[in-house]
file input-v4.tsv (TSV, C-alpha atoms)
chain	number	residue	atom	x	y	z
A	1	MET	CA	-65.71	-61.02	-80.01
A	2	PRO	CA	-62.19	-60.78	-78.56
A	3	VAL	CA	-61.15	-57.79	-80.70
A	4	GLU	CA	-62.89	-54.84	-82.32
A	5	PHE	CA	-61.71	-51.65	-83.97
A	6	ILE	CA	-62.92	-48.16	-84.68
A	7	ILE	CA	-61.33	-45.64	-87.02
A	8	LEU	CA	-61.19	-42.08	-85.68
A	9	PRO	CA	-60.06	-40.06	-88.72
A	10	GLN	CA	-60.34	-36.74	-86.84
A	11	HIS	CA	-57.47	-37.97	-84.62
A	12	ASN	CA	-55.66	-39.95	-87.36
A	13	LEU	CA	-56.15	-42.92	-85.06
A	14	ALA	CA	-57.30	-46.54	-85.12
A	15	LEU	CA	-58.45	-47.89	-81.76
A	16	PHE	CA	-58.30	-51.65	-81.24
A	17	THR	CA	-60.05	-53.08	-78.19
A	18	TYR	CA	-59.07	-56.60	-77.13
A	19	SER	CA	-60.74	-58.77	-74.50
A	20	GLY	CA	-60.67	-62.33	-73.24
A	21	LEU	CA	-58.29	-64.88	-74.75
A	22	VAL	CA	-56.73	-63.38	-77.87
A	23	THR	CA	-55.41	-65.48	-80.74
A	24	PHE	CA	-52.95	-64.37	-83.38
A	25	GLN	CA	-55.55	-65.02	-86.06
A	26	ASP	CA	-57.98	-62.67	-84.27
A	27	SER	CA	-55.29	-59.98	-84.37
A	28	ALA	CA	-54.40	-60.57	-88.01
A	29	ASN	CA	-58.08	-60.49	-89.04
A	30	VAL	CA	-58.84	-57.22	-87.26
A	31	VAL	CA	-55.71	-55.49	-88.58
A	32	ALA	CA	-56.64	-56.54	-92.13
A	33	ALA	CA	-60.21	-55.29	-91.63
A	34	ALA	CA	-58.99	-51.95	-90.27
A	35	ALA	CA	-56.50	-51.53	-93.13
A	36	ALA	CA	-59.32	-52.14	-95.64
A	37	HIS	CA	-61.62	-49.60	-93.97
A	38	PRO	CA	-62.32	-46.60	-96.24
A	39	ASN	CA	-61.26	-44.09	-93.53
A	40	HIS	CA	-57.97	-45.84	-92.78
A	41	SER	CA	-54.74	-44.23	-93.93
A	42	PRO	CA	-51.19	-45.61	-93.97
A	43	SER	CA	-50.03	-42.81	-91.66
A	44	MET	CA	-52.68	-43.61	-89.05
A	45	ARG	CA	-51.50	-44.15	-85.48
A	46	GLN	CA	-52.86	-47.02	-83.42
A	47	ILE	CA	-53.81	-47.53	-79.82
A	48	CYS	CA	-54.52	-51.03	-78.58
A	49	ASP	CA	-56.60	-51.28	-75.42
A	50	VAL	CA	-55.59	-54.63	-73.93
A	51	SER	CA	-56.90	-53.82	-70.46
A	52	ARG	CA	-59.50	-56.62	-70.64
A	53	VAL	CA	-57.25	-59.34	-72.06
A	54	THR	CA	-57.24	-62.48	-69.92
A	55	GLY	CA	-54.79	-64.52	-71.96
A	56	VAL	CA	-52.76	-64.70	-75.15
A	57	GLU	CA	-52.27	-67.63	-77.48
A	58	LYS	CA	-48.99	-69.43	-76.86
A	59	ASN	CA	-48.32	-70.38	-80.47
A	60	TYR	CA	-45.11	-68.68	-81.57
A	61	PHE	CA	-45.34	-70.12	-85.08
A	62	GLY	CA	-48.79	-68.47	-85.21
A	63	LEU	CA	-47.15	-65.19	-84.20
A	64	LEU	CA	-44.75	-65.41	-87.13
A	65	GLN	CA	-47.61	-66.24	-89.49
A	66	MET	CA	-49.57	-63.25	-88.21
A	67	GLN	CA	-46.55	-61.00	-88.76
A	68	ALA	CA	-46.34	-62.15	-92.36
A	69	GLN	CA	-50.06	-61.49	-92.87
A	70	ILE	CA	-50.12	-57.98	-91.47
A	71	VAL	CA	-46.73	-56.57	-92.38
A	72	ASP	CA	-48.01	-54.94	-95.56
A	73	SER	CA	-51.17	-53.52	-94.01
A	74	ILE	CA	-49.62	-52.11	-90.83
A	75	ALA	CA	-46.17	-51.00	-91.94
A	76	PRO	CA	-46.38	-47.81	-93.98
A	77	LYS	CA	-44.03	-47.49	-96.91
A	78	GLY	CA	-41.10	-45.21	-96.18
A	79	SER	CA	-42.25	-44.05	-92.75
A	80	GLU	CA	-42.93	-45.22	-89.23
A	81	ARG	CA	-46.19	-46.26	-87.58
A	82	LEU	CA	-46.76	-45.55	-83.92
A	83	VAL	CA	-48.63	-48.26	-82.00
A	84	ILE	CA	-49.40	-47.69	-78.34
A	85	PHE	CA	-50.60	-50.46	-76.07
A	86	TYR	CA	-52.63	-49.49	-73.03
A	87	ALA	CA	-51.80	-52.50	-70.88
A	88	PRO	CA	-52.48	-52.12	-67.15
A	89	GLY	CA	-52.77	-55.86	-66.39
A	90	LYS	CA	-50.44	-58.85	-66.56
A	91	ALA	CA	-52.09	-60.59	-69.57
A	92	GLY	CA	-52.26	-57.33	-71.52
A	93	GLN	CA	-48.63	-56.60	-70.70
A	94	GLU	CA	-47.70	-60.07	-71.99
A	95	MET	CA	-49.55	-59.43	-75.25
A	96	ALA	CA	-48.00	-55.99	-75.67
A	97	GLN	CA	-44.49	-57.28	-75.02
A	98	LEU	CA	-44.97	-60.09	-77.56
A	99	ALA	CA	-45.99	-57.50	-80.12
A	100	ARG	CA	-43.11	-55.20	-79.22
A	101	LYS	CA	-40.54	-57.99	-79.44
A	102	SER	CA	-41.93	-59.27	-82.73
A	103	TRP	CA	-41.44	-55.84	-84.37
A	104	GLU	CA	-38.08	-55.17	-82.70
A	105	GLY	CA	-35.37	-54.35	-85.21
A	106	LEU	CA	-37.86	-53.23	-87.87
A	107	ASN	CA	-37.84	-49.48	-88.19
A	108	SER	CA	-41.33	-49.26	-89.67
A	109	VAL	CA	-43.31	-49.87	-86.45
A	110	ILE	CA	-42.68	-48.19	-83.11
A	111	ILE	CA	-44.44	-49.89	-80.20
A	112	LEU	CA	-44.82	-48.26	-76.81
A	113	VAL	CA	-46.43	-49.98	-73.83
A	114	LEU	CA	-48.08	-47.90	-71.10
A	115	ASP	CA	-50.09	-48.90	-68.06
A	116	ASP	CA	-51.71	-45.47	-67.68
A	117	GLU	CA	-54.70	-44.68	-69.92
A	118	ALA	CA	-54.40	-40.88	-69.66
A	119	ALA	CA	-50.67	-41.02	-70.44
A	120	ALA	CA	-51.28	-43.21	-73.50
A	121	LEU	CA	-53.82	-40.73	-74.88
A	122	ALA	CA	-51.64	-37.72	-73.99
A	123	LEU	CA	-48.73	-39.27	-75.88
A	124	LEU	CA	-50.97	-39.25	-78.96
A	125	GLY	CA	-51.89	-35.61	-78.35
A	126	ILE	CA	-55.49	-36.49	-77.50
A	127	PRO	CA	-57.02	-34.26	-74.82
A	128	GLN	CA	-59.38	-36.88	-73.36
A	129	SER	CA	-57.98	-38.86	-70.44
A	130	ARG	CA	-60.13	-41.96	-70.97
A	131	LEU	CA	-60.80	-44.09	-74.04
A	132	ALA	CA	-64.52	-44.20	-73.16
A	133	THR	CA	-64.65	-40.40	-73.32
A	134	LEU	CA	-62.84	-40.42	-76.65
A	135	LEU	CA	-65.40	-42.86	-78.02
A	136	GLU	CA	-68.33	-40.79	-76.73
A	137	GLY	CA	-67.07	-37.90	-78.83
A	138	ALA	CA	-66.80	-40.16	-81.89
A	139	ASN	CA	-70.48	-41.15	-81.86

call {"tool": "encode", "arguments": {"input": "input-v4.tsv", "output": "structure tokens"}}
result
Amino acid sequence: MPVEFIILPQHNLALFTYSGLVTFQDSANVVAAAAAHPNHSPSMRQICDVSRVTGVEKNYFGLLQMQAQIVDSIAPKGSERLVIFYAPGKAGQEMAQLARKSWEGLNSVIILVLDDEAAALALLGIPQSRLATLLEGAN
């Protein structure tokens, strides 16, 4: 599966892990599933690990459709949502920049793109320096 998620309520965090060739429908489906999860909250921050992405769909109409599908589930009412992309590689950077540009001008979602895993977690106030270590503590 090209994308999975885990809710970490103790950190007020949803972690999305992408791999391979990612489509906009994959992204829309996983965001909807995460938003419907019983431990999800509208104030929850997100980190997207796109370190294993090898490519991103080149369908810009699909991007707009995805935006329309997820805007209600990702954008909290009356506040901002922080989404951090951990994107050390070229394909992951491309995906993160597409996401950042698609939300540009909307004050409800703040997207930051980092190529350093420890820095991404530190920005969220998480003491672990690796996502794998964070997940070990969640199990």

call {"tool": "residues_around", "arguments": {"input": "input-v4.tsv", "residues": "range 90-105 of chain A", "least_positions_apart": "2", "cutoff": "7 Å", "atoms": "all atoms listed in the file", "output": "VMD selection string"}}
result
chain A and resid 50 to 51 53 to 56 85 87 to 88 107 109 111 113

call {"tool": "closest_residue", "arguments": {"input": "input-v4.tsv", "among": "A:Ile7, A:Phe24, A:Arg81, A:Lys58", "to": "Pro42 in chain A", "atoms": "only C-alpha atoms"}}
result
A:Arg81

call {"tool": "closest_residue", "arguments": {"input": "input-v4.tsv", "among": "A:Ala120, A:Ala14, A:Met44, A:Ile110", "to": "Tyr86 in chain A", "atoms": "all atoms listed in the file"}}
result
A:Ala120

call {"tool": "residues_near_point", "arguments": {"input": "input-v4.tsv", "point": "(-56.5, -45.9, -79.3)", "cutoff": "10 Å", "atoms": "all atoms listed in the file", "output": "count of residues only"}}
result
28

call {"tool": "atom_distance", "arguments": {"input": "input-v4.tsv", "atom1": "CA of Ala138 in chain A", "atom2": "CA of Ala32 in chain A"}}
result
21.8 Å

call {"tool": "atom_distance", "arguments": {"input": "input-v4.tsv", "atom1": "CA of Asn29 in chain A", "atom2": "CA of Glu136 in chain A"}}
result
25.4 Å

call {"tool": "atom_distance", "arguments": {"input": "input-v4.tsv", "atom1": "CA of Ala36 in chain A", "atom2": "CA of Gly137 in chain A"}}
result
23.4 Å
